[in-house]
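Here's the structure we're looking at; comments come further down.
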Amino acid sequence: PGHIAFITQSGALAVAVLDWANSNGIGFSAFVSLGNNVDVDFGDVLDYLGCDPETHAILLYIESIRDAHKFMTAARAAAGKKPLIAVKAGRVSEGAQAAYSHTGALAGADDVFDAALRRAGLLRVDTIEDLFNAVETLARTRPLHNERLTILTNGGGPGVMATDALIRSGGQLATLSATTLAQLERCLPPNWSRGNPIDIIGDAPPERYVQALQTLLVAPELDTVLFIHTPTAIVPSDEIARTLAPLVQASSRNVLSCWLGRDGVADARHIFAAAGIPTYDSPEDGVSAFLQMVNYRRNQALLLADAPDRLVTDAAAIEQAQQVIAAALGSGRQWLTEVEAKAVLAAYSIPVAPTQLAMTPRECEQLANTMACPLVIKIVAPAIVHKSDVGGVALDLKSPQAVRRAAEAMLQDVHQARPNAEVIGFSVQPMVRRPHAQEVLVGATTDPIFGPVVLVGQGGVAVEVIGDRAIGLPPLNMALAADLVARTRVARLLAGYRDHPPADKAALCATLVKVAQMITDLPAIRELDINPLLVDDQGVLALDARL
């Protein structure tokens, strides 16, 4: 018996986990193998275990979800009461269907599942062993106040290894204040590291450990401490453990520990474990445990996020977008033209580059006479989604005559590349010059299980190669949208660098919220690409759109 519930979709795995748990002294409040989910499924069991007082944490092995709404509702309710930790098998899909838009290509099923678990407040891990390690960590630690780690060690090498693991995984080291540094100076030898990681030197007696740890546990700028001990012949490890355990137990801060070695530190490990202090085999394992705490904290914040924002409330504008889509469907088309797609975006107050439709190269020239050069023209053909792949884009055209000649050449190139594609005409728009703008992809697609999803990442023609993306489930609010942006690599470019001022991230977040509202308001939308969406200190501007 124990206080952990385990739910699995694999009977074979159930037998293996029971054997593994028995040999490791792990007990259960419930152990459920769901079989083929004909009647009772994850949602039912989570509803039950979420209210079971004997169950303090729930572990899940998931292969597939049939009823996403039921699962999400039950998971969110249970995750608000106790830790839920999941392993999801089938992360790689070798038989992915062909995707016609950038968003469709990037929003893989596993990415969507990951977004769903995050939104439900669950922690996802990679292995069965990680499941049990994570539940032990979460059960024995307190909620984090910040996401920065302090490393205390008697060995410089293990401290550096832990730092490497932390930074390479996206974690943060805590910065010691001048006051904390001064207090450590008074209790540590002259050759200590004078920074984080804090190396108190291998000859440290128990008193030095106590003084250093006491200083860290009361420093207002610090939170979680990872204590790493390397055994020495000078002071027995068990003596250090007995000295430190009461101090850790009395503190309101989190302390994770790593006793390097085996037989020589076995008693120290036992002392810390008996005191309820999480203990790990290696510095990397301790860092992984801390990052699990960080991810769990973030997912719980998403679970408690405020109600979604509806930034577009003009019923007439929404009806206008519906009419554009209805007209396209009525003519038998699945893809809107660029002009139509931008009309839908404009209805939702997403800034777009003004675009007009011309049917022939001569009409392109006539339109160009009414617009300020330089101009851009693009082919308009329902079957051609990625226009640049077939020579269907011409930039920086400096005269109406250049526009006409480019349109004529474009027709030849497109007919040669796609001879059966029906060409409706050309879109004509001003050439936009915003040299400090970043190209961002904002998109939406429809997952067969979880329904509409929103995607953001670095844009441009090589988005699949770059692979920078973050996926979320609508509806969104500004805080959820900001979390999405923060999980992309392009966020670092948007923060500004050298002569590039910080971009207007609020405008980007508002665009994500509007797209999330749009695909909720307009269920006919299956896929949407805004690529590129220019983002700079002036705001956002959609240069191209596929819908």
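Just so we're on the same page: first chain in the structure tokens is A, next is B, and so on; residues restart at 1 for each chain, and ligands are numbered from 1 in the order they show up.
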
Within 10 Å of range 126-143 of chain A, which residues of range 11-90 of chain A show up? Give each one with its shortest atom-to-atom distance in Å (one decimal) and the two atoms involved, counting only C-alpha atoms, rows by chain then rising residue number, as CSV.
```
residue,atom,partner,partner_atom,distance
A:Leu13,CA,A:Ile128,CA,9.5
A:Val17,CA,A:Ile128,CA,7.9
A:Trp20,CA,A:Glu129,CA,9.2
A:Ala21,CA,A:Phe132,CA,8.9
A:Ile26,CA,A:Phe132,CA,8.7
A:His56,CA,A:Ala139,CA,8.3
A:Ala57,CA,A:Val135,CA,6.9
A:Ile58,CA,A:Val135,CA,8.5
A:Leu59,CA,A:Leu131,CA,6.8
A:Leu60,CA,A:Leu131,CA,8.4
A:Tyr61,CA,A:Ile128,CA,8.1
A:Lys82,CA,A:Ala139,CA,9.5
A:Pro83,CA,A:Leu138,CA,7.4
A:Leu84,CA,A:Val135,CA,8.4
A:Ile85,CA,A:Leu131,CA,6.4
A:Ala86,CA,A:Leu131,CA,7.0
A:Val87,CA,A:Asp126,CA,5.8
A:Lys88,CA,A:Asp126,CA,7.6
A:Ala89,CA,A:Asp126,CA,8.7
```

Helix (DSSP H, G or I) per DSSP on the backbone: members of range 230-361 of chain A, as a PyMOL selection string: chain A and resi 237-250+263-274+283-303+315-330+338-347+361

Report as a list of chain:residue names all protein, DNA and RNA residues lying within 9 Å of Gln429 in chain A, evaluated on only C-alpha atoms, omitting residues in the same chain fewer than 3 positions from it.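 Contacts, in chain order: A:Ala353, A:Pro354, A:Thr355, A:Gln356, A:Ala368, A:Met371, A:Leu375, A:Val376, A:Ile377, A:Lys378, A:Val432.
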
Convert the current residue selection to file output with all heavy atoms, as a short mmCIF file (atom, residue, chain, number, x, y, z; two decimals), in the first residue's frame.
```cif
data_model
loop_
_atom_site.label_atom_id
_atom_site.label_comp_id
_atom_site.auth_asym_id
_atom_site.auth_seq_id
_atom_site.Cartn_x
_atom_site.Cartn_y
_atom_site.Cartn_z
N ALA A 353 -0.78 44.01 -44.83
CA ALA A 353 -0.31 44.84 -45.92
C ALA A 353 -1.43 44.96 -46.95
O ALA A 353 -1.99 43.96 -47.39
CB ALA A 353 0.92 44.21 -46.56
N PRO A 354 -1.82 46.20 -47.37
CA PRO A 354 -2.94 46.36 -48.31
C PRO A 354 -2.65 45.63 -49.63
O PRO A 354 -1.58 45.79 -50.21
CB PRO A 354 -3.02 47.87 -48.50
CG PRO A 354 -1.67 48.39 -48.08
CD PRO A 354 -1.17 47.47 -47.03
N THR A 355 -3.61 44.83 -50.06
CA THR A 355 -3.41 43.96 -51.21
C THR A 355 -4.62 44.03 -52.13
O THR A 355 -5.76 44.02 -51.66
CB THR A 355 -3.20 42.50 -50.76
OG1 THR A 355 -2.11 42.47 -49.82
CG2 THR A 355 -2.88 41.59 -51.93
N GLN A 356 -4.37 44.10 -53.46
CA GLN A 356 -5.45 44.11 -54.44
C GLN A 356 -5.23 42.99 -55.44
O GLN A 356 -4.10 42.54 -55.66
CB GLN A 356 -5.51 45.46 -55.15
CG GLN A 356 -5.81 46.63 -54.22
CD GLN A 356 -6.07 47.91 -54.97
OE1 GLN A 356 -6.96 47.97 -55.84
NE2 GLN A 356 -5.33 48.96 -54.65
N ALA A 368 -0.73 49.12 -60.68
CA ALA A 368 0.54 49.71 -60.25
C ALA A 368 0.57 51.21 -60.50
O ALA A 368 1.21 51.96 -59.76
CB ALA A 368 1.70 49.02 -60.98
N MET A 371 -0.65 52.98 -57.44
CA MET A 371 0.01 52.68 -56.17
C MET A 371 1.44 53.22 -56.20
O MET A 371 2.01 53.44 -57.26
CB MET A 371 0.02 51.15 -55.93
CG MET A 371 -1.38 50.54 -55.93
SD MET A 371 -1.38 48.73 -55.96
CE MET A 371 -0.86 48.39 -54.28
N LEU A 375 6.77 47.72 -55.68
CA LEU A 375 5.62 46.85 -55.43
C LEU A 375 6.05 45.39 -55.40
O LEU A 375 7.16 45.02 -55.83
CB LEU A 375 4.56 47.06 -56.52
CG LEU A 375 3.95 48.46 -56.61
CD1 LEU A 375 3.04 48.56 -57.83
CD2 LEU A 375 3.17 48.80 -55.34
N VAL A 376 5.13 44.57 -54.91
CA VAL A 376 5.31 43.11 -54.87
C VAL A 376 4.11 42.49 -55.56
O VAL A 376 2.97 42.93 -55.34
CB VAL A 376 5.39 42.60 -53.41
CG1 VAL A 376 5.42 41.07 -53.38
CG2 VAL A 376 6.59 43.18 -52.70
N ILE A 377 4.35 41.47 -56.40
CA ILE A 377 3.24 40.70 -56.96
C ILE A 377 3.43 39.23 -56.63
O ILE A 377 4.55 38.74 -56.52
CB ILE A 377 3.08 40.90 -58.49
CG1 ILE A 377 4.30 40.37 -59.23
CG2 ILE A 377 2.81 42.34 -58.83
CD1 ILE A 377 4.08 40.27 -60.74
N LYS A 378 2.30 38.55 -56.44
CA LYS A 378 2.31 37.11 -56.14
C LYS A 378 1.22 36.43 -56.94
O LYS A 378 0.16 37.03 -57.18
CB LYS A 378 2.10 36.88 -54.63
CG LYS A 378 3.26 37.34 -53.78
CD LYS A 378 2.98 37.17 -52.30
CE LYS A 378 2.48 38.45 -51.68
NZ LYS A 378 2.33 38.40 -50.23
N VAL A 432 7.09 46.41 -48.52
CA VAL A 432 7.23 46.91 -47.15
C VAL A 432 8.69 46.83 -46.74
O VAL A 432 9.33 45.77 -46.86
CB VAL A 432 6.35 46.09 -46.18
CG1 VAL A 432 6.56 46.56 -44.75
CG2 VAL A 432 4.88 46.21 -46.58
#
```

Counting only C-alpha atoms, figure out which residue out of A:Pro246, A:Pro532, A:Pro197, A:Gly157 gets nearest to Val210 in chain A.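 Distance minimum relative to Val210 in chain A lands on A:Pro246.
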
For Ala174 in chain A, list every protein, DNA or RNA residue within 8 Å, evaluated using only C-alpha atoms, and leave out those in the same chain fewer than 4 positions away; present the list as an MDAnalysis selection string. chainID A and resid 148:150 196 221:222

Write the residues of the preceding selection, restricted to all heavy atoms, as an mmCIF file, in the first residue's frame.
```cif
data_model
loop_
_atom_site.group_PDB
_atom_site.id
_atom_site.type_symbol
_atom_site.label_atom_id
_atom_site.label_comp_id
_atom_site.auth_asym_id
_atom_site.auth_seq_id
_atom_site.Cartn_x
_atom_site.Cartn_y
_atom_site.Cartn_z
ATOM 1 N N ARG A 148 15.364 29.944 -9.997
ATOM 2 C CA ARG A 148 16.821 30.008 -10.062
ATOM 3 C C ARG A 148 17.427 29.075 -9.016
ATOM 4 O O ARG A 148 16.970 29.033 -7.873
ATOM 5 C CB ARG A 148 17.301 31.448 -9.862
ATOM 6 C CG ARG A 148 16.836 32.380 -10.970
ATOM 7 C CD ARG A 148 17.305 33.809 -10.749
ATOM 8 N NE ARG A 148 16.688 34.410 -9.581
ATOM 9 C CZ ARG A 148 15.486 34.974 -9.579
ATOM 10 N NH1 ARG A 148 14.768 34.985 -10.683
ATOM 11 N NH2 ARG A 148 14.999 35.512 -8.479
ATOM 12 N N LEU A 149 18.462 28.356 -9.410
ATOM 13 C CA LEU A 149 19.051 27.321 -8.568
ATOM 14 C C LEU A 149 20.368 27.794 -7.964
ATOM 15 O O LEU A 149 21.189 28.423 -8.639
ATOM 16 C CB LEU A 149 19.288 26.053 -9.403
ATOM 17 C CG LEU A 149 19.861 24.833 -8.665
ATOM 18 C CD1 LEU A 149 18.873 24.328 -7.620
ATOM 19 C CD2 LEU A 149 20.218 23.727 -9.656
ATOM 20 N N THR A 150 20.574 27.450 -6.690
ATOM 21 C CA THR A 150 21.847 27.685 -6.011
ATOM 22 C C THR A 150 22.514 26.333 -5.782
ATOM 23 O O THR A 150 21.875 25.393 -5.299
ATOM 24 C CB THR A 150 21.626 28.387 -4.661
ATOM 25 O OG1 THR A 150 20.833 29.562 -4.864
ATOM 26 C CG2 THR A 150 22.945 28.766 -4.024
ATOM 27 N N ASN A 196 28.379 31.380 -7.536
ATOM 28 C CA ASN A 196 27.488 30.225 -7.652
ATOM 29 C C ASN A 196 27.859 29.476 -8.928
ATOM 30 O O ASN A 196 27.806 30.087 -10.005
ATOM 31 C CB ASN A 196 26.029 30.723 -7.721
ATOM 32 C CG ASN A 196 25.019 29.599 -7.721
ATOM 33 O OD1 ASN A 196 25.328 28.469 -7.384
ATOM 34 N ND2 ASN A 196 23.785 29.919 -8.112
ATOM 35 N N GLU A 221 17.249 36.529 -1.799
ATOM 36 C CA GLU A 221 17.276 36.429 -3.259
ATOM 37 C C GLU A 221 17.338 34.978 -3.744
ATOM 38 O O GLU A 221 17.260 34.714 -4.947
ATOM 39 C CB GLU A 221 18.474 37.213 -3.819
ATOM 40 C CG GLU A 221 19.829 36.539 -3.671
ATOM 41 C CD GLU A 221 20.505 36.789 -2.320
ATOM 42 O OE1 GLU A 221 19.811 37.251 -1.381
ATOM 43 O OE2 GLU A 221 21.720 36.538 -2.225
ATOM 44 N N LEU A 222 17.490 34.024 -2.818
ATOM 45 C CA LEU A 222 17.671 32.621 -3.193
ATOM 46 C C LEU A 222 16.438 31.801 -2.852
ATOM 47 O O LEU A 222 15.595 32.206 -2.052
ATOM 48 C CB LEU A 222 18.905 32.044 -2.495
ATOM 49 C CG LEU A 222 20.219 32.831 -2.690
ATOM 50 C CD1 LEU A 222 21.363 32.147 -1.965
ATOM 51 C CD2 LEU A 222 20.532 32.992 -4.166
#
```
